[in-house]
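What follows is the content of input.txt (compact mmCIF, C-alpha atoms).
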```
# COMPACT_ATOMS: atom_id res chain seq x y z
CA MET L 1 14.05 79.17 90.83
CA LYS L 2 10.77 80.86 89.83
CA LEU L 3 8.77 77.91 91.15
CA PHE L 4 10.77 77.97 94.40
CA LEU L 5 10.11 81.69 94.89
CA ARG L 6 6.37 81.22 94.25
CA ASP L 7 6.34 78.36 96.73
CA GLN L 8 8.22 80.23 99.50
CA TRP L 9 6.69 83.70 99.28
CA PRO L 10 4.11 82.96 102.05
CA PHE L 11 6.98 82.06 104.41
CA ALA L 12 8.86 85.26 103.47
CA ALA L 13 5.74 87.38 103.99
CA PHE L 14 4.99 85.74 107.35
CA PHE L 15 8.62 86.27 108.46
CA LEU L 16 8.60 89.97 107.58
CA VAL L 17 5.28 90.55 109.39
CA GLN L 18 6.58 88.72 112.46
CA LEU L 19 9.83 90.76 112.45
CA ILE L 20 7.94 94.08 112.19
CA LEU L 21 5.59 93.10 115.01
CA LEU L 22 8.53 92.11 117.23
CA ILE L 23 10.28 95.48 116.68
CA MET L 24 7.03 97.37 117.35
CA ILE L 25 6.51 95.50 120.63
CA PHE L 26 10.01 96.38 121.84
CA ALA L 27 9.55 100.03 120.75
CA MET L 28 6.20 100.42 122.55
CA ASP L 29 7.66 98.91 125.71
CA GLY L 30 10.47 101.46 125.76
CA TYR L 31 13.32 99.13 124.87
CA TRP L 32 14.49 101.06 121.83
CA ASN L 33 18.10 100.90 120.79
CA GLU L 34 18.61 101.72 117.13
CA SER L 35 21.92 99.88 116.68
CA LEU L 36 20.59 96.85 118.56
CA MET L 37 17.43 96.75 116.48
CA ILE L 38 19.42 96.91 113.24
CA TYR L 39 21.63 94.11 114.47
CA VAL L 40 18.62 91.98 115.39
CA MET L 41 17.01 92.61 112.00
CA PHE L 42 20.27 91.72 110.23
CA LEU L 43 20.60 88.44 112.13
CA SER L 44 16.98 87.51 111.53
CA VAL L 45 17.14 88.23 107.79
CA PHE L 46 20.51 86.47 107.50
CA PHE L 47 19.32 83.25 109.16
CA ALA L 48 16.03 83.30 107.22
CA GLY L 49 17.95 83.77 103.97
CA ALA L 50 20.36 80.97 104.90
CA PHE L 51 17.39 78.70 105.65
CA LEU L 52 15.83 79.44 102.25
CA ALA L 53 19.13 78.94 100.44
CA ILE L 54 19.74 75.58 102.11
CA ARG L 55 16.17 74.52 101.39
CA TYR L 56 16.49 75.47 97.73
CA LEU L 57 19.78 73.59 97.34
CA SER L 58 18.40 70.47 98.99
CA HIS L 59 15.19 70.50 96.92
CA ARG L 60 16.53 72.03 93.72
CA THR L 61 16.08 68.79 91.73
CA ILE L 62 12.40 68.66 92.64
CA TYR L 63 11.77 72.25 91.60
CA GLN L 64 13.68 71.78 88.34
CA ARG L 65 11.72 68.61 87.53
CA LEU L 66 8.38 70.28 88.30
CA SER L 67 9.27 73.31 86.18
CA LYS L 68 9.53 71.36 82.90
CA PRO L 69 7.32 68.66 81.35
CA VAL L 70 8.33 65.01 81.48
CA GLU L 71 9.81 63.97 78.12
CA SER L 72 10.33 60.26 78.78
CA LEU L 73 9.20 57.61 81.25
CA GLU L 74 12.80 57.05 82.31
CA GLU L 75 12.76 60.46 84.00
CA LEU L 76 10.32 59.04 86.57
CA THR L 77 13.01 56.60 87.73
CA GLN L 78 15.60 59.28 88.49
CA THR L 79 16.29 60.20 92.12
CA TYR L 80 15.56 63.64 93.56
CA GLY L 81 17.94 63.77 96.52
CA ASN L 82 18.52 62.56 100.08
CA SER L 83 16.15 64.80 102.04
CA PRO L 84 12.95 63.24 103.46
CA LEU L 85 10.80 65.09 100.90
CA CYS L 86 13.08 63.99 98.04
CA ARG L 87 12.99 60.37 99.16
CA ALA L 88 9.18 60.53 99.40
CA MET L 89 9.03 61.94 95.87
CA ASP L 90 11.30 59.12 94.69
CA ASP L 91 8.94 56.52 96.17
CA ILE L 92 5.89 58.12 94.58
CA SER L 93 7.58 58.38 91.17
CA GLN L 94 8.68 54.75 91.29
CA GLU L 95 5.17 53.64 92.23
CA GLN L 96 3.61 55.70 89.44
CA TYR L 97 6.12 54.28 86.97
CA ARG L 98 5.33 50.72 88.08
CA LEU L 99 1.57 51.22 87.81
CA TYR L 100 1.90 52.87 84.39
CA LYS L 101 4.08 50.02 83.07
CA GLU L 102 1.60 47.43 84.35
CA GLN L 103 -1.32 49.20 82.67
CA LEU L 104 0.67 49.68 79.48
CA HIS L 105 1.59 45.99 79.33
CA ALA L 106 -2.03 45.04 79.97
CA TYR L 107 -3.18 47.33 77.14
CA GLU L 108 -0.51 46.01 74.78
CA ASN L 109 -1.53 42.41 75.50
CA LYS L 110 -5.19 43.28 74.94
CA GLN L 111 -4.36 45.08 71.69
CA ARG L 112 -2.20 42.17 70.55
CA ASP L 113 -4.99 39.68 71.21
CA HIS L 114 -7.47 41.90 69.36
CA THR L 115 -5.13 42.23 66.36
CA THR L 116 -4.57 38.46 66.27
CA PHE L 117 -8.33 37.85 66.37
CA ILE L 118 -8.96 40.31 63.52
CA GLN L 119 -6.27 38.74 61.35
CA GLN L 120 -7.59 35.24 61.96
CA TRP L 121 -11.15 36.35 61.29
CA VAL L 122 -10.19 38.04 58.00
CA HIS L 123 -8.33 34.93 56.82
CA GLN L 124 -11.36 32.80 57.73
CA MET L 125 -13.64 35.09 55.72
CA LYS L 126 -11.39 34.77 52.67
CA THR L 127 -12.28 31.08 52.30
CA PRO L 128 -16.05 31.54 51.71
CA ILE L 129 -15.28 34.48 49.41
CA SER L 130 -13.03 32.27 47.29
CA VAL L 131 -15.72 29.57 47.21
CA ILE L 132 -18.33 32.11 46.03
CA HIS L 133 -15.98 33.25 43.27
CA LEU L 134 -15.53 29.65 42.12
CA LEU L 135 -19.29 29.03 42.15
CA LEU L 136 -19.87 32.12 40.01
CA GLN L 137 -16.95 31.52 37.67
CA ASN L 138 -19.07 30.09 34.84
CA GLU L 139 -22.15 32.23 35.46
CA ASP L 140 -22.70 35.20 33.11
CA ASP L 141 -26.17 36.40 34.02
CA PRO L 142 -26.72 39.86 35.57
CA THR L 143 -27.54 38.39 38.99
CA ALA L 144 -24.19 36.59 39.17
CA GLU L 145 -22.39 39.75 38.11
CA SER L 146 -24.10 41.71 40.89
CA VAL L 147 -23.09 39.06 43.40
CA ARG L 148 -19.49 39.20 42.12
CA GLU L 149 -19.51 42.98 42.54
CA GLU L 150 -20.65 42.73 46.15
CA VAL L 151 -18.14 39.97 46.87
CA ASP L 152 -15.37 42.19 45.49
CA ARG L 153 -16.47 44.96 47.83
CA ILE L 154 -16.37 42.57 50.77
CA LYS L 155 -12.91 41.41 49.72
CA ARG L 156 -11.58 44.97 49.51
CA GLY L 157 -13.12 45.77 52.88
CA LEU L 158 -11.49 42.72 54.47
CA GLU L 159 -8.14 43.67 52.96
CA THR L 160 -8.46 47.15 54.44
CA VAL L 161 -9.29 45.72 57.88
CA LEU L 162 -6.34 43.33 57.65
CA TYR L 163 -3.85 46.04 56.75
CA ILE L 164 -5.17 48.34 59.49
CA ALA L 165 -4.57 45.53 61.98
CA ARG L 166 -1.08 44.91 60.60
CA LEU L 167 -0.19 48.58 60.80
CA ASP L 168 0.46 48.32 64.56
CA ARG L 169 3.13 45.70 63.86
CA PHE L 170 4.48 47.31 60.74
CA GLU L 171 8.10 47.05 61.87
CA GLN L 172 7.75 43.26 62.05
CA ASP L 173 5.89 42.87 58.76
CA PHE L 174 7.84 44.58 56.00
CA LEU L 175 10.81 43.75 53.81
CA ILE L 176 12.66 46.38 51.78
CA GLU L 177 13.87 45.01 48.46
CA PRO L 178 14.06 46.09 44.80
CA VAL L 179 10.54 46.36 43.34
CA THR L 180 9.92 46.59 39.58
CA LEU L 181 7.28 49.26 39.13
CA ARG L 182 5.95 47.94 35.82
CA SER L 183 5.38 44.48 37.28
CA LEU L 184 3.82 45.95 40.40
CA VAL L 185 1.36 48.06 38.39
CA GLN L 186 0.40 45.15 36.15
CA ASN L 187 -0.29 42.86 39.10
CA VAL L 188 -2.50 45.45 40.81
CA LEU L 189 -4.37 46.13 37.55
CA ALA L 190 -4.97 42.40 37.09
CA GLU L 191 -6.46 42.16 40.58
CA ASN L 192 -8.85 45.02 39.78
CA LYS L 193 -9.76 44.19 36.19
CA ARG L 194 -13.42 43.52 37.04
CA LEU L 195 -13.58 46.87 38.87
CA PHE L 196 -12.36 48.67 35.73
CA ILE L 197 -14.70 46.77 33.40
CA ARG L 198 -17.72 47.16 35.66
CA ASN L 199 -17.23 50.94 35.90
CA GLN L 200 -16.17 51.29 32.24
CA VAL L 201 -12.97 53.00 33.29
CA TYR L 202 -9.76 51.74 31.72
CA PRO L 203 -6.12 52.18 32.77
CA GLU L 204 -3.50 53.96 30.70
CA VAL L 205 -0.08 52.69 31.78
CA LYS L 206 3.04 54.77 31.19
CA VAL L 207 5.57 52.94 33.32
CA ASP L 208 9.07 52.05 32.12
CA GLU L 209 9.87 48.35 32.39
CA ASN L 210 13.37 48.93 33.79
CA TRP L 211 12.51 51.15 36.74
CA ARG L 212 12.99 49.56 40.14
CA VAL L 213 12.71 51.13 43.56
CA GLU L 214 13.60 50.16 47.11
CA SER L 215 10.32 49.40 48.90
CA ASP L 216 8.10 46.67 50.29
CA GLU L 217 6.16 45.18 47.39
CA LYS L 218 3.19 43.99 49.45
CA TRP L 219 2.59 47.33 51.21
CA LEU L 220 3.28 49.35 48.06
CA ALA L 221 0.79 47.19 46.13
CA PHE L 222 -1.85 47.90 48.79
CA VAL L 223 -1.15 51.63 48.48
CA LEU L 224 -1.52 51.51 44.70
CA ASN L 225 -4.66 49.41 45.07
CA GLN L 226 -6.24 52.08 47.29
CA LEU L 227 -5.33 54.85 44.86
CA LEU L 228 -6.73 53.00 41.86
CA THR L 229 -9.93 52.08 43.70
CA ASN L 230 -10.52 55.73 44.54
CA ALA L 231 -9.63 56.83 41.01
CA VAL L 232 -12.12 54.42 39.44
CA ARG L 233 -14.84 55.16 41.97
CA TYR L 234 -14.72 58.90 41.43
CA SER L 235 -14.27 58.65 37.65
CA ALA L 236 -17.19 56.35 36.89
CA GLY L 237 -19.82 58.11 34.81
CA LYS L 238 -17.60 61.14 34.11
CA SER L 239 -14.42 59.78 32.54
CA ASN L 240 -13.33 56.45 31.10
CA LYS L 241 -9.61 56.71 31.75
CA VAL L 242 -7.14 56.50 34.64
CA THR L 243 -3.46 57.14 33.99
CA ILE L 244 -0.62 55.45 35.87
CA ARG L 245 2.79 56.87 35.03
CA THR L 246 6.31 57.10 36.40
CA TYR L 247 8.89 59.79 35.83
CA GLU L 248 12.12 61.11 37.24
CA ARG L 249 12.47 63.89 39.77
CA GLY L 250 16.11 64.39 40.58
CA ALA L 251 17.33 61.27 42.38
CA HIS L 252 13.75 60.13 43.01
CA ALA L 253 11.20 58.17 41.01
CA VAL L 254 7.58 59.32 41.11
CA LEU L 255 4.68 56.89 40.75
CA GLU L 256 1.61 58.89 39.76
CA VAL L 257 -2.07 57.95 39.57
CA GLN L 258 -4.22 60.49 37.75
CA ASP L 259 -7.96 60.36 37.23
CA TYR L 260 -10.26 62.74 35.36
CA GLY L 261 -13.25 62.43 37.62
CA ILE L 262 -15.17 64.70 39.99
CA GLY L 263 -12.11 66.00 41.87
CA ILE L 264 -11.84 67.08 45.50
CA PRO L 265 -12.95 70.49 46.86
CA ALA L 266 -10.06 72.76 47.85
CA GLU L 267 -11.18 72.93 51.48
CA ASP L 268 -10.96 69.12 51.76
CA ILE L 269 -7.51 68.64 50.21
CA HIS L 270 -5.58 69.05 53.47
CA ARG L 271 -7.96 66.80 55.41
CA VAL L 272 -8.37 63.79 53.14
CA PHE L 273 -5.42 61.99 54.77
CA LYS L 274 -7.05 62.12 58.21
CA PRO L 275 -8.74 58.92 59.42
CA TYR L 276 -12.50 58.60 58.80
CA PHE L 277 -12.68 61.90 56.94
CA THR L 278 -14.91 61.54 53.87
CA GLY L 279 -15.65 65.19 53.06
CA GLU L 280 -18.11 66.39 50.48
CA ASN L 281 -17.51 63.43 48.15
CA GLY L 282 -18.26 61.04 50.99
CA ARG L 283 -21.84 62.30 51.04
CA LYS L 284 -22.20 61.47 47.34
CA TYR L 285 -20.59 58.04 47.70
CA PRO L 286 -21.87 56.40 50.92
CA GLU L 287 -19.46 53.46 50.61
CA SER L 288 -16.52 55.78 51.34
CA THR L 289 -14.93 54.96 54.70
CA GLY L 290 -12.35 57.74 54.92
CA MET L 291 -9.62 55.19 55.68
CA GLY L 292 -8.10 54.62 52.22
CA LEU L 293 -6.00 57.77 51.91
CA TYR L 294 -5.22 57.68 55.63
CA LEU L 295 -3.65 54.24 55.17
CA VAL L 296 -1.82 55.48 52.07
CA LYS L 297 -0.28 58.32 54.07
CA GLU L 298 0.59 56.12 57.05
CA ILE L 299 2.17 53.33 54.99
CA CYS L 300 4.17 55.69 52.80
CA GLY L 301 5.38 57.53 55.88
CA ARG L 302 6.65 54.30 57.43
CA LEU L 303 8.30 53.31 54.15
CA HIS L 304 9.84 56.80 53.93
CA HIS L 305 8.01 57.58 50.69
CA GLY L 306 6.50 60.99 50.05
CA VAL L 307 2.82 61.54 49.19
CA GLU L 308 1.54 64.48 47.15
CA MET L 309 -1.95 65.33 45.94
CA GLU L 310 -3.39 67.81 43.48
CA SER L 311 -7.05 68.09 42.64
CA GLU L 312 -9.55 70.39 41.02
CA VAL L 313 -13.30 70.01 41.16
CA GLY L 314 -14.62 68.72 37.86
CA GLU L 315 -11.13 68.10 36.44
CA GLY L 316 -9.83 65.15 38.45
CA THR L 317 -7.25 64.20 41.04
CA THR L 318 -3.57 63.35 40.88
CA VAL L 319 -1.77 61.47 43.65
CA ARG L 320 2.01 60.99 43.56
CA ILE L 321 4.15 58.55 45.52
CA VAL L 322 7.72 59.86 45.68
CA LEU L 323 10.06 56.90 46.04
CA SER L 324 13.38 57.92 47.53
CA ALA L 325 15.78 55.24 46.27
CA VAL L 326 15.94 53.99 42.69
CA VAL L 327 17.75 50.73 41.77
CA PRO L 328 19.52 51.09 39.43
CA THR L 329 19.64 54.87 39.31
CA LEU L 330 17.66 56.58 36.59
CA GLN L 331 20.88 57.89 35.08
CA GLU L 332 22.28 54.34 34.79
CA SER L 333 19.06 53.17 33.17
CA LYS L 334 19.29 55.93 30.54
CA ILE L 335 22.91 55.04 29.77
CA ALA L 336 21.99 51.36 29.41
CA GLU L 337 19.13 52.19 27.04
CA SER L 338 21.37 54.39 24.87
```
Could I get this structure in the form of structure tokens?
Amino acid sequence: MKLFLRDQWPFAAFFLVQLILLIMIFAMDGYWNESLMIYVMFLSVFFAGAFLAIRYLSHRTIYQRLSKPVESLEELTQTYGNSPLCRAMDDISQEQYRLYKEQLHAYENKQRDHTTFIQQWVHQMKTPISVIHLLLQNEDDPTAESVREEVDRIKRGLETVLYIARLDRFEQDFLIEPVTLRSLVQNVLAENKRLFIRNQVYPEVKVDENWRVESDEKWLAFVLNQLLTNAVRYSAGKSNKVTIRTYERGAHAVLEVQDYGIGIPAEDIHRVFKPYFTGENGRKYPESTGMGLYLVKEICGRLHHGVEMESEVGEGTTVRIVLSAVVPTLQESKIAES
């Protein structure tokens, strides 16, 4: 109604001016009859009001649609009415919807082709990396160790690229099943053993062997891998220990990674999960991409796991993954142990 009134006020103003001028002309010409003038004014206002009422009722759908934002594309396919203006609006909306769908499909196809190319390229790059590892397997000199370190960095970078590409198709690439946390942690630690040794940082594992959670093992392993890589990177030279523990929190199990490294400034805590944000620590460690914790947050969100972080400069950082479903429940595990 407000939009209709704003749209029709020029007509109302023009009508009132015209009515006043008409009465003044009759009065100056000597044709003045008070009762007749009132009757003429009443008829004029009545018919003008009836015209506006009919116009509002016939175009009410248009005004209502224009008064609120579009919440879904399907709203563009709804009809406005049978008046010429309504039918014209219907045609325009249908054409806009068709053009948008065509552009959206074109973008989706382009994005799909790009994702497929990235995945194929990453898998192709894994072959020479594996060959380099085999060639250096029996070499113990410092040069070979430096090459192995760089190859490990390339491997981690390729894994990050691959998982970023897969994130767009996450719904087609995950499987929820019981995951044993102890086994998961051990597998991730085994994959990163050279990283720990090279940085002289060693894991302290406090994970019960019987705890299982409902999650996707592949994606959860990538999350843990990112957390451990960050923990080791920011602990090297300051601390020689990283702690991985699990504990109960009500009906949830918490997987926690704690380091005792440089920590994160308080002003960066709430921004570290944003893509490409590296913060103050990123200036000290140029290899930081700002994508690790962003992927952790995104993956955990899609798996319906919570993510918490606490950090203090000079004391270290603690990141917790809150896993919502425990199989069997923690209470059942305690009863079985007793």
For this session: Using all atoms listed in the file, collect all residues at a distance of at most 8 Å from (-20.5, 41.6, 37.6) as written in the file, then present them as a ChimeraX atom specification.
Result: /L:142-149,194,198
Exercise. Which of these residues is nearest to Leu255 (chain L), using all atoms listed in the file: L:Arg156, L:Arg166, L:Arg320, L:His59?
Worked result: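 Of L:Arg156, L:Arg166, L:Arg320, L:His59, the one nearest Leu255 (chain L) is L:Arg320, counting all atoms listed in the file.
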For this session: Tell me which protein, DNA and RNA residues are within 8 Å of Pro265 (chain L), counting all atoms listed in the file, leaving out same-chain ones fewer than 4 positions away, and put them as a list in words.
Result: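 Non-adjacent residues within range: Ile269, Glu280, Ser311, Glu312 and Val313 of chain L.
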Exercise. With all atoms listed in the file as the atoms that count, which of L:Lys206, L:Arg212, L:Lys238, L:His123 lies nearest to Leu323 (chain L)?
Worked result: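 The answer is L:Arg212, which sits nearest to Leu323 (chain L).
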For this session: To one decimal in Å, tell me the separation between CA of Val185 (chain L) and CA of Asn138 (chain L).
Result: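 Computing the Euclidean distance for CA of Val185 (chain L) and CA of Asn138 (chain L) yields 27.4 Å.
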Seminar exercise, completed: Shortest contact to Ile38 (chain L), candidates L:Gly314, L:Asn210, L:Glu171, L:Ile20, atoms counted only C-alpha atoms, goes to L:Ile20
Exercise. Within 10 Å of Ile299 (chain L), counting all atoms listed in the file, which residues qualify if same-chain residues fewer than 6 places away don't, as number ranges by chain?
Worked result: L: 163-164, 167, 170, 219-220, 222-223, 293, 305
Exercise. Using all atoms listed in the file, which residue out of L:Arg182, L:Val307, L:Gly316, L:Tyr97 lies closest to Asn240 (chain L)?
Worked result: L:Gly316
For this session: Could you please determine the separation between CA of Gln119 (chain L) and CA of Asn230 (chain L) in Å, to one decimal place?
Result: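 If I compute the distance from CA of Gln119 (chain L) to CA of Asn230 (chain L), I get 24.3 Å.
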